[in-house]
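K.L.:
My structure is in data-v8.json, and what it holds is JSON, C-alpha atoms and all ligand atoms:
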```json
[["chain", "number", "residue", "atom", "x", "y", "z"],
["A", 29, "MET", "CA", -42.61, 20.13, 38.71],
["A", 30, "ALA", "CA", -38.99, 19.52, 39.65],
["A", 31, "ASP", "CA", -38.79, 17.30, 36.56],
["A", 32, "LYS", "CA", -40.16, 19.85, 34.19],
["A", 33, "ILE", "CA", -37.63, 22.50, 35.08],
["A", 34, "LYS", "CA", -34.67, 20.32, 35.88],
["A", 35, "ASP", "CA", -32.71, 21.39, 32.82],
["A", 36, "ALA", "CA", -33.40, 25.11, 33.22],
["A", 37, "LYS", "CA", -30.95, 27.29, 35.04],
["A", 38, "ILE", "CA", -32.20, 28.99, 38.15],
["A", 39, "ILE", "CA", -30.53, 32.27, 39.04],
["A", 40, "PHE", "CA", -31.36, 34.15, 42.22],
["A", 41, "VAL", "CA", -31.01, 37.93, 41.91],
["A", 42, "VAL", "CA", -30.53, 39.43, 45.36],
["A", 43, "GLY", "CA", -29.76, 42.97, 46.47],
["A", 44, "GLY", "CA", -31.20, 45.84, 48.45],
["A", 45, "PRO", "CA", -34.21, 47.87, 47.37],
["A", 46, "GLY", "CA", -33.16, 50.14, 44.53],
["A", 47, "SER", "CA", -29.85, 48.35, 43.99],
["A", 48, "GLY", "CA", -30.73, 47.72, 40.34],
["A", 49, "LYS", "CA", -32.03, 44.16, 40.28],
["A", 50, "GLY", "CA", -34.90, 44.85, 37.91],
["A", 51, "THR", "CA", -32.75, 46.98, 35.62],
["A", 52, "GLN", "CA", -30.15, 44.23, 35.20],
["A", 53, "CYS", "CA", -32.75, 41.49, 34.81],
["A", 54, "GLU", "CA", -34.30, 43.33, 31.85],
["A", 55, "LYS", "CA", -30.93, 43.39, 30.16],
["A", 56, "VAL", "CA", -30.37, 39.70, 30.83],
["A", 57, "VAL", "CA", -33.75, 38.95, 29.23],
["A", 58, "ALA", "CA", -32.75, 40.95, 26.16],
["A", 59, "LYS", "CA", -29.40, 39.20, 25.75],
["A", 60, "TYR", "CA", -30.06, 35.65, 26.97],
["A", 61, "GLY", "CA", -33.81, 35.23, 26.63],
["A", 62, "TYR", "CA", -34.19, 34.01, 30.20],
["A", 63, "THR", "CA", -37.52, 34.29, 31.98],
["A", 64, "HIS", "CA", -37.62, 37.14, 34.47],
["A", 65, "LEU", "CA", -39.81, 36.58, 37.51],
["A", 66, "SER", "CA", -39.84, 39.42, 40.02],
["A", 67, "SER", "CA", -41.58, 38.56, 43.26],
["A", 68, "GLY", "CA", -42.45, 42.23, 43.71],
["A", 69, "ASP", "CA", -43.98, 42.41, 40.21],
["A", 70, "LEU", "CA", -46.02, 39.26, 40.83],
["A", 71, "LEU", "CA", -47.29, 40.72, 44.10],
["A", 72, "ARG", "CA", -48.11, 44.08, 42.49],
["A", 73, "ALA", "CA", -50.06, 42.27, 39.76],
["A", 74, "GLU", "CA", -52.15, 40.62, 42.46],
["A", 75, "VAL", "CA", -52.72, 44.03, 44.09],
["A", 76, "ALA", "CA", -53.73, 45.49, 40.72],
["A", 77, "SER", "CA", -56.29, 42.72, 40.24],
["A", 78, "GLY", "CA", -58.26, 44.25, 43.10],
["A", 79, "SER", "CA", -58.70, 40.90, 44.86],
["A", 80, "GLU", "CA", -59.17, 40.60, 48.63],
["A", 81, "ARG", "CA", -55.78, 38.94, 48.84],
["A", 82, "GLY", "CA", -54.34, 41.88, 46.91],
["A", 83, "LYS", "CA", -55.64, 44.32, 49.48],
["A", 84, "THR", "CA", -53.95, 42.43, 52.28],
["A", 85, "LEU", "CA", -50.71, 42.30, 50.31],
["A", 86, "GLN", "CA", -50.82, 46.02, 49.52],
["A", 87, "ALA", "CA", -51.06, 46.88, 53.21],
["A", 88, "ILE", "CA", -48.00, 44.77, 54.02],
["A", 89, "MET", "CA", -45.93, 46.17, 51.15],
["A", 90, "GLN", "CA", -46.85, 49.73, 52.01],
["A", 91, "LYS", "CA", -45.33, 49.16, 55.44],
["A", 92, "GLY", "CA", -42.14, 47.83, 53.88],
["A", 93, "GLU", "CA", -42.63, 44.38, 55.39],
["A", 94, "LEU", "CA", -42.33, 40.94, 53.85],
["A", 95, "VAL", "CA", -45.47, 39.16, 52.71],
["A", 96, "PRO", "CA", -45.96, 35.58, 53.96],
["A", 97, "LEU", "CA", -43.51, 33.11, 52.49],
["A", 98, "ASP", "CA", -46.12, 30.69, 51.18],
["A", 99, "THR", "CA", -47.91, 33.42, 49.22],
["A", 100, "VAL", "CA", -44.83, 34.55, 47.36],
["A", 101, "LEU", "CA", -43.40, 31.06, 46.83],
["A", 102, "ASP", "CA", -46.69, 29.78, 45.38],
["A", 103, "MET", "CA", -46.79, 32.71, 42.96],
["A", 104, "ILE", "CA", -43.24, 32.08, 41.79],
["A", 105, "LYS", "CA", -43.84, 28.36, 41.47],
["A", 106, "ASP", "CA", -47.01, 28.85, 39.38],
["A", 107, "ALA", "CA", -45.21, 31.33, 37.13],
["A", 108, "MET", "CA", -42.31, 28.91, 36.66],
["A", 109, "ILE", "CA", -44.61, 26.02, 35.82],
["A", 110, "ALA", "CA", -46.35, 28.17, 33.22],
["A", 111, "LYS", "CA", -43.00, 28.76, 31.47],
["A", 112, "ALA", "CA", -41.29, 25.47, 32.21],
["A", 113, "ASP", "CA", -41.57, 24.05, 28.69],
["A", 114, "VAL", "CA", -40.11, 27.07, 26.92],
["A", 115, "SER", "CA", -37.65, 28.55, 29.38],
["A", 116, "LYS", "CA", -33.92, 27.90, 29.32],
["A", 117, "GLY", "CA", -33.33, 29.90, 32.42],
["A", 118, "PHE", "CA", -35.14, 31.68, 35.24],
["A", 119, "LEU", "CA", -34.12, 34.93, 36.88],
["A", 120, "ILE", "CA", -35.74, 34.94, 40.28],
["A", 121, "ASP", "CA", -35.61, 38.64, 41.22],
["A", 122, "GLY", "CA", -36.24, 39.72, 44.79],
["A", 123, "TYR", "CA", -36.34, 36.20, 46.19],
["A", 124, "PRO", "CA", -35.13, 34.82, 48.59],
["A", 125, "ARG", "CA", -35.42, 37.75, 50.98],
["A", 126, "GLU", "CA", -34.63, 35.60, 54.01],
["A", 127, "VAL", "CA", -32.77, 32.32, 54.41],
["A", 128, "LYS", "CA", -35.97, 30.40, 55.11],
["A", 129, "GLN", "CA", -37.32, 31.44, 51.69],
["A", 130, "GLY", "CA", -34.26, 29.95, 50.02],
["A", 131, "GLU", "CA", -34.63, 26.69, 51.90],
["A", 132, "GLU", "CA", -38.32, 26.36, 51.03],
["A", 133, "PHE", "CA", -37.68, 27.20, 47.37],
["A", 134, "GLU", "CA", -35.14, 24.40, 47.15],
["A", 135, "LYS", "CA", -37.49, 21.92, 48.79],
["A", 136, "LYS", "CA", -40.37, 22.74, 46.47],
["A", 137, "ILE", "CA", -38.68, 23.72, 43.21],
["A", 138, "GLY", "CA", -34.95, 23.23, 42.90],
["A", 139, "ALA", "CA", -31.47, 24.57, 43.56],
["A", 140, "PRO", "CA", -30.03, 27.76, 42.06],
["A", 141, "CYS", "CA", -26.80, 27.51, 40.06],
["A", 142, "LEU", "CA", -25.91, 31.16, 40.63],
["A", 143, "LEU", "CA", -26.76, 34.01, 42.97],
["A", 144, "LEU", "CA", -26.19, 37.46, 41.54],
["A", 145, "TYR", "CA", -25.58, 39.77, 44.47],
["A", 146, "ILE", "CA", -26.37, 43.27, 43.20],
["A", 147, "ASP", "CA", -24.49, 45.50, 45.60],
["A", 148, "ALA", "CA", -24.89, 49.25, 46.11],
["A", 149, "LYS", "CA", -24.36, 51.52, 49.09],
["A", 150, "GLY", "CA", -27.30, 52.36, 51.34],
["A", 151, "GLU", "CA", -27.18, 56.03, 50.40],
["A", 152, "THR", "CA", -27.12, 55.16, 46.70],
["A", 153, "MET", "CA", -30.18, 52.93, 47.05],
["A", 154, "VAL", "CA", -32.10, 55.62, 48.93],
["A", 155, "LYS", "CA", -31.24, 58.22, 46.27],
["A", 156, "ARG", "CA", -32.32, 55.92, 43.44],
["A", 157, "LEU", "CA", -35.56, 54.98, 45.13],
["A", 158, "MET", "CA", -36.48, 58.59, 45.88],
["A", 159, "LYS", "CA", -35.91, 59.36, 42.20],
["A", 160, "ARG", "CA", -37.84, 56.27, 41.10],
["A", 161, "GLY", "CA", -40.65, 57.35, 43.41],
["A", 162, "GLU", "CA", -41.19, 60.50, 41.36],
["A", 163, "THR", "CA", -42.66, 58.39, 38.57],
["A", 164, "SER", "CA", -43.11, 54.78, 39.74],
["A", 165, "GLY", "CA", -46.45, 55.24, 41.43],
["A", 166, "ARG", "CA", -45.29, 52.60, 43.90],
["A", 167, "ALA", "CA", -46.79, 52.92, 47.37],
["A", 168, "ASP", "CA", -43.47, 51.87, 48.91],
["A", 169, "ASP", "CA", -41.18, 54.36, 47.14],
["A", 170, "ASN", "CA", -41.43, 57.00, 49.85],
["A", 171, "GLU", "CA", -38.89, 58.06, 52.47],
["A", 172, "GLU", "CA", -40.50, 56.31, 55.43],
["A", 173, "THR", "CA", -41.06, 52.97, 53.70],
["A", 174, "ILE", "CA", -37.67, 53.05, 52.00],
["A", 175, "LYS", "CA", -35.98, 53.27, 55.40],
["A", 176, "LYS", "CA", -37.92, 50.26, 56.67],
["A", 177, "ARG", "CA", -37.17, 48.25, 53.54],
["A", 178, "LEU", "CA", -33.48, 49.03, 53.86],
["A", 179, "ASP", "CA", -33.38, 48.02, 57.54],
["A", 180, "LEU", "CA", -35.16, 44.77, 56.72],
["A", 181, "TYR", "CA", -32.76, 44.12, 53.86],
["A", 182, "TYR", "CA", -29.73, 44.35, 56.14],
["A", 183, "LYS", "CA", -31.37, 42.27, 58.83],
["A", 184, "ALA", "CA", -33.12, 39.53, 56.86],
["A", 185, "THR", "CA", -31.70, 39.44, 53.33],
["A", 186, "GLU", "CA", -27.96, 39.91, 53.79],
["A", 187, "PRO", "CA", -27.78, 36.58, 55.65],
["A", 188, "VAL", "CA", -29.04, 34.96, 52.43],
["A", 189, "ILE", "CA", -25.81, 36.00, 50.74],
["A", 190, "ALA", "CA", -23.67, 34.44, 53.46],
["A", 191, "PHE", "CA", -25.78, 31.27, 53.27],
["A", 192, "TYR", "CA", -25.14, 30.78, 49.54],
["A", 193, "SER", "CA", -21.54, 32.04, 49.67],
["A", 194, "SER", "CA", -20.62, 28.90, 51.56],
["A", 195, "ARG", "CA", -21.84, 26.98, 48.54],
["A", 196, "GLY", "CA", -19.64, 28.98, 46.18],
["A", 197, "ILE", "CA", -22.40, 30.23, 43.86],
["A", 198, "VAL", "CA", -22.41, 33.93, 44.79],
["A", 199, "ARG", "CA", -21.13, 36.53, 42.33],
["A", 200, "LYS", "CA", -20.96, 39.98, 43.86],
["A", 201, "ILE", "CA", -21.70, 42.71, 41.32],
["A", 202, "ASP", "CA", -20.70, 46.33, 41.96],
["A", 203, "SER", "CA", -23.89, 48.22, 41.15],
["A", 204, "GLU", "CA", -22.46, 51.67, 41.84],
["A", 205, "LEU", "CA", -21.19, 51.69, 38.24],
["A", 206, "PRO", "CA", -23.19, 52.90, 35.22],
["A", 207, "VAL", "CA", -25.90, 50.44, 34.11],
["A", 208, "ASP", "CA", -24.02, 49.08, 31.09],
["A", 209, "GLU", "CA", -20.84, 48.50, 33.07],
["A", 210, "VAL", "CA", -22.80, 46.69, 35.76],
["A", 211, "PHE", "CA", -24.31, 44.56, 33.01],
["A", 212, "GLY", "CA", -20.85, 43.70, 31.69],
["A", 213, "HIS", "CA", -20.12, 42.03, 35.03],
["A", 214, "VAL", "CA", -23.53, 40.37, 35.15],
["A", 215, "ALA", "CA", -23.04, 38.93, 31.66],
["A", 216, "LYS", "CA", -19.60, 37.64, 32.62],
["A", 217, "ALA", "CA", -21.08, 35.81, 35.60],
["A", 218, "ILE", "CA", -23.72, 34.20, 33.38],
["A", 219, "ASP", "CA", -21.23, 33.30, 30.65],
["A", 220, "ASP", "CA", -19.05, 31.61, 33.26],
["A", 221, "LEU", "CA", -21.91, 29.18, 33.95],
["A", 222, "LYS", "CA", -21.41, 27.46, 30.61],
["B", 301, "LIG", "N1", -26.27, 51.21, 37.77],
["B", 301, "LIG", "C1", -27.18, 52.17, 37.95],
["B", 301, "LIG", "N2", -26.82, 53.48, 37.94],
["B", 301, "LIG", "C2", -27.74, 54.43, 38.12],
["B", 301, "LIG", "N3", -29.05, 54.23, 38.30],
["B", 301, "LIG", "C3", -29.46, 52.94, 38.34],
["B", 301, "LIG", "C4", -28.55, 51.86, 38.16],
["B", 301, "LIG", "N4", -29.26, 50.70, 38.23],
["B", 301, "LIG", "C5", -30.54, 51.06, 38.45],
["B", 301, "LIG", "N5", -30.67, 52.40, 38.51],
["B", 301, "LIG", "C6", -31.90, 53.14, 38.75],
["B", 301, "LIG", "O1", -32.22, 52.92, 40.13],
["B", 301, "LIG", "C7", -33.60, 52.69, 40.31],
["B", 301, "LIG", "C8", -33.84, 51.33, 40.96],
["B", 301, "LIG", "O2", -33.51, 50.32, 40.02],
["B", 301, "LIG", "P1", -34.34, 48.97, 39.97],
["B", 301, "LIG", "O3", -33.77, 48.17, 38.85],
["B", 301, "LIG", "O4", -35.81, 49.25, 39.96],
["B", 301, "LIG", "O5", -33.88, 48.33, 41.37],
["B", 301, "LIG", "P2", -34.50, 47.17, 42.25],
["B", 301, "LIG", "O6", -35.29, 46.26, 41.34],
["B", 301, "LIG", "O7", -33.28, 46.49, 42.83],
["B", 301, "LIG", "O8", -35.32, 47.85, 43.29],
["B", 301, "LIG", "C9", -34.26, 52.80, 38.93],
["B", 301, "LIG", "O9", -34.82, 54.08, 38.81],
["B", 301, "LIG", "C10", -33.08, 52.61, 37.96],
["B", 301, "LIG", "O10", -33.25, 53.31, 36.77],
["B", 302, "LIG", "N1", -39.63, 37.31, 48.32],
["B", 302, "LIG", "C1", -40.47, 38.14, 48.96],
["B", 302, "LIG", "N2", -40.94, 37.81, 50.19],
["B", 302, "LIG", "C2", -41.74, 38.61, 50.86],
["B", 302, "LIG", "N3", -42.16, 39.80, 50.41],
["B", 302, "LIG", "C3", -41.73, 40.18, 49.20],
["B", 302, "LIG", "C4", -40.87, 39.37, 48.41],
["B", 302, "LIG", "N4", -40.61, 40.02, 47.26],
["B", 302, "LIG", "C5", -41.26, 41.18, 47.32],
["B", 302, "LIG", "N5", -41.95, 41.30, 48.49],
["B", 302, "LIG", "C6", -42.75, 42.45, 48.92],
["B", 302, "LIG", "C7", -42.07, 43.21, 50.03],
["B", 302, "LIG", "C8", -41.25, 44.23, 49.28],
["B", 302, "LIG", "O1", -40.91, 45.36, 50.09],
["B", 302, "LIG", "C9", -42.16, 44.60, 48.13],
["B", 302, "LIG", "C10", -41.49, 45.14, 46.86],
["B", 302, "LIG", "O2", -40.55, 44.19, 46.39],
["B", 302, "LIG", "P1", -39.68, 44.47, 45.08],
["B", 302, "LIG", "O3", -40.53, 44.91, 43.97],
["B", 302, "LIG", "O4", -38.83, 43.26, 44.87],
["B", 302, "LIG", "O5", -38.74, 45.69, 45.53],
["B", 302, "LIG", "P2", -37.39, 46.22, 44.87],
["B", 302, "LIG", "O6", -37.34, 45.77, 43.46],
["B", 302, "LIG", "O7", -37.45, 47.71, 45.02],
["B", 302, "LIG", "O8", -36.28, 45.64, 45.71],
["B", 302, "LIG", "O9", -42.85, 43.38, 47.84],
["B", 303, "MG", "MG", -37.26, 45.55, 41.46]]
```
Give the structure from this file in structure tokens form.
Ligand SMILES: Nc1ncnc2c1ncn2[C@@H]1O[C@H](COP(=O)(O)OP(=O)(O)O)[C@@H](O)[C@H]1O
Ligand SMILES: Nc1ncnc2c1ncn2[C@H]1C[C@H](O)[C@@H](COP(=O)(O)OP(=O)(O)O)O1
Ligand SMILES: [Mg+2]
P.N.:
Amino acid sequence: MADKIKDAKIIFVVGGPGSGKGTQCEKVVAKYGYTHLSSGDLLRAEVASGSERGKTLQAIMQKGELVPLDTVLDMIKDAMIAKADVSKGFLIDGYPREVKQGEEFEKKIGAPCLLLYIDAKGETMVKRLMKRGETSGRADDNEETIKKRLDLYYKATEPVIAFYSSRGIVRKIDSELPVDEVFGHVAKAIDDLK
């Protein structure tokens, strides 16, 4: 496994709920052809399959909590293996959500070369998620769950940024700007890798 993907770049995309991670990842895919793996999307696909495991996951996500580390890491790992031969880079979106997830990822898969920290204010994220909730159909895009997700982000995920900052691979991106301007900064961070 580690062998197969050793030449591919691994980029962690971290930010609060509704900060714009998915939006920016789509644009990176379009410009750079990297493989986008969103932990949330992988989990929602499992829920959509109607499996027993999916039902358990749905209940956790609806409460705004984190699903067990092993579940999400296995899903990401399987998805990476499936693309290992063709991918020049992986965008790991929504992972790690706590420091422990980062440590386990590195033990089982490899080290990231960049962490894109997609940063928006709490009130901005809430506004965007309430708007997204009008059409997303997502069980967690409602006021009560959004508040829990935000609290958990500040408590569990922000320490991830400090953890990787000490390694010098964090690029903080101001996501209050319009989408294309945000992408300008994202693209710069990726271009600087070369
Ligand atoms: N820079 C931005 N300016 C305004 N709206 C944005 C911006 N980035 C994302 N959005 C909107 O905010 C919502 C959340 O974005 P999304 O990419 O799904 O965030 P995340 O994956 O971090 O939860 C979406 O409805 C998206 O269209
Ligand atoms: N790395 C991870 N560890 C544990 N749970 C995760 C996870 N990634 C996603 N989940 C679960 C809990 C999240 O509240 C939910 C939705 O995640 P998401 O789609 O990444 O949200 P968003 O893009 O709005 O930030 O899925
Ligand atoms: Mg997302």
K.L.:
Need to verify the contact set: Cys141 in chain A, 7 Å, only C-alpha atoms, exclusion of same-chain residues closer than 5 positions in sequence. Can you return it as a compact mmCIF listing (two decimals) with C-alpha atoms, keeping the file's coordinate frame?
P.N.:
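Contents of result12.txt, as written:
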```txt
# COMPACT_ATOMS: atom_id res chain seq x y z
CA LYS A 37 -30.95 27.29 35.04
CA ILE A 38 -32.20 28.99 38.15
CA ILE A 39 -30.53 32.27 39.04
CA ILE A 197 -22.40 30.23 43.86
```
K.L.:
To check your reading of the model: which residues sit at most 10 Å from ligand MG 303 (chain B) when counting all atoms listed in the file? Write the answer as a PDB file with C-alpha atoms, in the frame of the given file.
P.N.:
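Contents of pocket_9.pdb, freshly written:
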```
ATOM      1  CA  VAL A  41     -31.010  37.930  41.910  1.00  0.00           C
ATOM      2  CA  VAL A  42     -30.530  39.430  45.360  1.00  0.00           C
ATOM      3  CA  GLY A  43     -29.760  42.970  46.470  1.00  0.00           C
ATOM      4  CA  GLY A  44     -31.200  45.840  48.450  1.00  0.00           C
ATOM      5  CA  PRO A  45     -34.210  47.870  47.370  1.00  0.00           C
ATOM      6  CA  GLY A  46     -33.160  50.140  44.530  1.00  0.00           C
ATOM      7  CA  SER A  47     -29.850  48.350  43.990  1.00  0.00           C
ATOM      8  CA  GLY A  48     -30.730  47.720  40.340  1.00  0.00           C
ATOM      9  CA  LYS A  49     -32.030  44.160  40.280  1.00  0.00           C
ATOM     10  CA  GLY A  50     -34.900  44.850  37.910  1.00  0.00           C
ATOM     11  CA  THR A  51     -32.750  46.980  35.620  1.00  0.00           C
ATOM     12  CA  GLN A  52     -30.150  44.230  35.200  1.00  0.00           C
ATOM     13  CA  CYS A  53     -32.750  41.490  34.810  1.00  0.00           C
ATOM     14  CA  SER A  66     -39.840  39.420  40.020  1.00  0.00           C
ATOM     15  CA  SER A  67     -41.580  38.560  43.260  1.00  0.00           C
ATOM     16  CA  GLY A  68     -42.450  42.230  43.710  1.00  0.00           C
ATOM     17  CA  ASP A  69     -43.980  42.410  40.210  1.00  0.00           C
ATOM     18  CA  ASP A 121     -35.610  38.640  41.220  1.00  0.00           C
ATOM     19  CA  GLY A 122     -36.240  39.720  44.790  1.00  0.00           C
TER      20      GLY A 122
END
```
K.L.:
Please measure the separation of atom C5 of ligand LIG 302 (chain B) and CA of Leu85 in chain A, giving the value in Å to one decimal.
P.N.:
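Rounded to one decimal, the two atoms are 10.0 Å apart.
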K.L.:
If you take every atom of ligand LIG 302 (chain B) that the file lists and fit an axis-aligned box around them with 5 Å extra on each side, what centre and edge lengths come out in Å to one decimal, as JSON?
P.N.:
```
{"center_x": -39.6, "center_y": 42.5, "center_z": 47.2, "size_x": 16.6, "size_y": 20.4, "size_z": 17.4}
```
K.L.:
Find the residues around Ile137 in chain A up to 12 Å (all atoms listed in the file counted), leave out those fewer than 2 positions away in its own chain, and share them as a list in words.
P.N.:
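In the requested form, the answer reads Met29, Ala30, Asp31, Lys32, Ile33, Lys34, Ala36, Lys37, Ile38, Leu101, Asp102, Ile104, Lys105, Asp106, Ala107, Met108, Ile109, Ala112, Phe118, Ile120, Gln129, Gly130, Glu131, Glu132, Phe133, Glu134, Lys135, Ala139 and Pro140 of chain A.
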K.L.:
Which residues are close to Lys176 in chain A, i.e. within 9 Å by all atoms listed in the file, leaving aside same-chain residues fewer than 4 positions away? Reply as a VMD selection string.
P.N.:
chain A and resid 91 to 93 171 to 172 180 to 181
K.L.:
Please write the residues from the selection above to a file, keeping C-alpha atoms, as a PDB file, keeping the file's coordinate frame.
P.N.:
```
ATOM      1  CA  LYS A  91     -45.330  49.160  55.440  1.00  0.00           C
ATOM      2  CA  GLY A  92     -42.140  47.830  53.880  1.00  0.00           C
ATOM      3  CA  GLU A  93     -42.630  44.380  55.390  1.00  0.00           C
ATOM      4  CA  GLU A 171     -38.890  58.060  52.470  1.00  0.00           C
ATOM      5  CA  GLU A 172     -40.500  56.310  55.430  1.00  0.00           C
ATOM      6  CA  LEU A 180     -35.160  44.770  56.720  1.00  0.00           C
ATOM      7  CA  TYR A 181     -32.760  44.120  53.860  1.00  0.00           C
TER       8      TYR A 181
END
```
K.L.:
Please report the interatomic distance between CA of Tyr62 in chain A and atom O6 of ligand LIG 301 (chain B) in Å with one decimal.
P.N.:
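Distance reported for this atom pair: 16.6 Å.
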K.L.:
What would the list of residues within 9 Å of (-24.8, 36.5, 50.9) (file frame) look like as an mmCIF file with C-alpha atoms, keeping the file's coordinate frame, if all atoms listed in the file are what count?
P.N.:
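part.cif written:
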```
data_model
loop_
_atom_site.group_PDB
_atom_site.id
_atom_site.type_symbol
_atom_site.label_atom_id
_atom_site.label_comp_id
_atom_site.auth_asym_id
_atom_site.auth_seq_id
_atom_site.Cartn_x
_atom_site.Cartn_y
_atom_site.Cartn_z
ATOM 1 C CA VAL A 42 -30.530 39.430 45.360
ATOM 2 C CA LEU A 143 -26.760 34.010 42.970
ATOM 3 C CA TYR A 145 -25.580 39.770 44.470
ATOM 4 C CA THR A 185 -31.700 39.440 53.330
ATOM 5 C CA GLU A 186 -27.960 39.910 53.790
ATOM 6 C CA PRO A 187 -27.780 36.580 55.650
ATOM 7 C CA VAL A 188 -29.040 34.960 52.430
ATOM 8 C CA ILE A 189 -25.810 36.000 50.740
ATOM 9 C CA ALA A 190 -23.670 34.440 53.460
ATOM 10 C CA PHE A 191 -25.780 31.270 53.270
ATOM 11 C CA TYR A 192 -25.140 30.780 49.540
ATOM 12 C CA SER A 193 -21.540 32.040 49.670
ATOM 13 C CA SER A 194 -20.620 28.900 51.560
ATOM 14 C CA VAL A 198 -22.410 33.930 44.790
ATOM 15 C CA LYS A 200 -20.960 39.980 43.860
#
```
K.L.:
Which one is closest to ligand LIG 301 (chain B): A:Gly196, A:Lys159, A:Met89, A:Lys183? Count only C-alpha atoms and all ligand atoms.
P.N.:
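Smallest separation from ligand LIG 301 (chain B) among the options: A:Lys159.
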K.L.:
Can you work out which one of A:Glu126, A:Leu119, A:Gln90, A:Val214 has the shortest atom-to-atom distance to Asp169 in chain A, counting all atoms listed in the file?
P.N.:
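Of A:Glu126, A:Leu119, A:Gln90, A:Val214, the one nearest Asp169 in chain A, counting all atoms listed in the file, is A:Gln90.
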K.L.:
Return the single residue from A:Ala167, A:Leu178, A:Val127, A:Ala58 that is closest to Val75 in chain A, with distances computed using only C-alpha atoms.
P.N.:
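Closest to Val75 in chain A, using only C-alpha atoms: A:Ala167.
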K.L.:
Could you check which of A:Leu157, A:Gly61, A:Lys222, A:Tyr182 is closest to Asn170 in chain A, using all atoms listed in the file?
P.N.:
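With all atoms listed in the file as the atom set, the closest residue is A:Leu157.
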K.L.:
Between CA of Tyr123 in chain A and CA of Leu65 in chain A, what is the spacing in Å?
P.N.:
9.4 Å
K.L.:
Just checking: using all atoms listed in the file, which residue out of A:Ala217, A:Val207, A:Pro124, A:Arg160 ends up closest to ligand LIG 302 (chain B)?
P.N.:
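Nearest candidate to ligand LIG 302 (chain B) out of A:Ala217, A:Val207, A:Pro124, A:Arg160: A:Pro124.
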K.L.:
Which of these residues is nearest to ligand LIG 301 (chain B), using all atoms listed in the file: A:Ile146, A:Ala215, A:Val114, A:Met103?
P.N.:
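Closest residue, counting all atoms listed in the file: A:Ile146.
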K.L.:
Output range 132-143 of chain A with N, CA and C atoms present, as an mmCIF file, in the frame of the given file.
P.N.:
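File written: out.cif
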```cif
data_model
loop_
_atom_site.group_PDB
_atom_site.id
_atom_site.type_symbol
_atom_site.label_atom_id
_atom_site.label_comp_id
_atom_site.auth_asym_id
_atom_site.auth_seq_id
_atom_site.Cartn_x
_atom_site.Cartn_y
_atom_site.Cartn_z
ATOM 1 N N GLU A 132 -37.015 26.855 51.504
ATOM 2 C CA GLU A 132 -38.320 26.360 51.030
ATOM 3 C C GLU A 132 -38.348 26.256 49.502
ATOM 4 N N PHE A 133 -37.746 27.229 48.832
ATOM 5 C CA PHE A 133 -37.680 27.200 47.370
ATOM 6 C C PHE A 133 -36.988 25.905 46.910
ATOM 7 N N GLU A 134 -35.901 25.581 47.567
ATOM 8 C CA GLU A 134 -35.140 24.400 47.150
ATOM 9 C C GLU A 134 -35.904 23.113 47.414
ATOM 10 N N LYS A 135 -36.678 23.105 48.491
ATOM 11 C CA LYS A 135 -37.490 21.920 48.790
ATOM 12 C C LYS A 135 -38.578 21.736 47.733
ATOM 13 N N LYS A 136 -39.196 22.850 47.332
ATOM 14 C CA LYS A 136 -40.370 22.740 46.470
ATOM 15 C C LYS A 136 -40.065 22.844 44.983
ATOM 16 N N ILE A 137 -38.943 23.475 44.626
ATOM 17 C CA ILE A 137 -38.680 23.720 43.210
ATOM 18 C C ILE A 137 -37.323 23.192 42.766
ATOM 19 N N GLY A 138 -36.261 23.689 43.322
ATOM 20 C CA GLY A 138 -34.950 23.230 42.900
ATOM 21 C C GLY A 138 -33.856 24.155 43.401
ATOM 22 N N ALA A 139 -32.610 23.816 43.050
ATOM 23 C CA ALA A 139 -31.470 24.570 43.560
ATOM 24 C C ALA A 139 -30.992 25.598 42.532
ATOM 25 N N PRO A 140 -30.582 26.762 42.970
ATOM 26 C CA PRO A 140 -30.030 27.760 42.060
ATOM 27 C C PRO A 140 -28.590 27.384 41.677
ATOM 28 N N CYS A 141 -28.183 27.766 40.449
ATOM 29 C CA CYS A 141 -26.800 27.510 40.060
ATOM 30 C C CYS A 141 -25.945 28.767 40.256
ATOM 31 N N LEU A 142 -26.624 29.892 40.496
ATOM 32 C CA LEU A 142 -25.910 31.160 40.630
ATOM 33 C C LEU A 142 -26.752 32.124 41.454
ATOM 34 N N LEU A 143 -26.072 32.920 42.285
ATOM 35 C CA LEU A 143 -26.760 34.010 42.970
ATOM 36 C C LEU A 143 -26.042 35.296 42.583
#
```
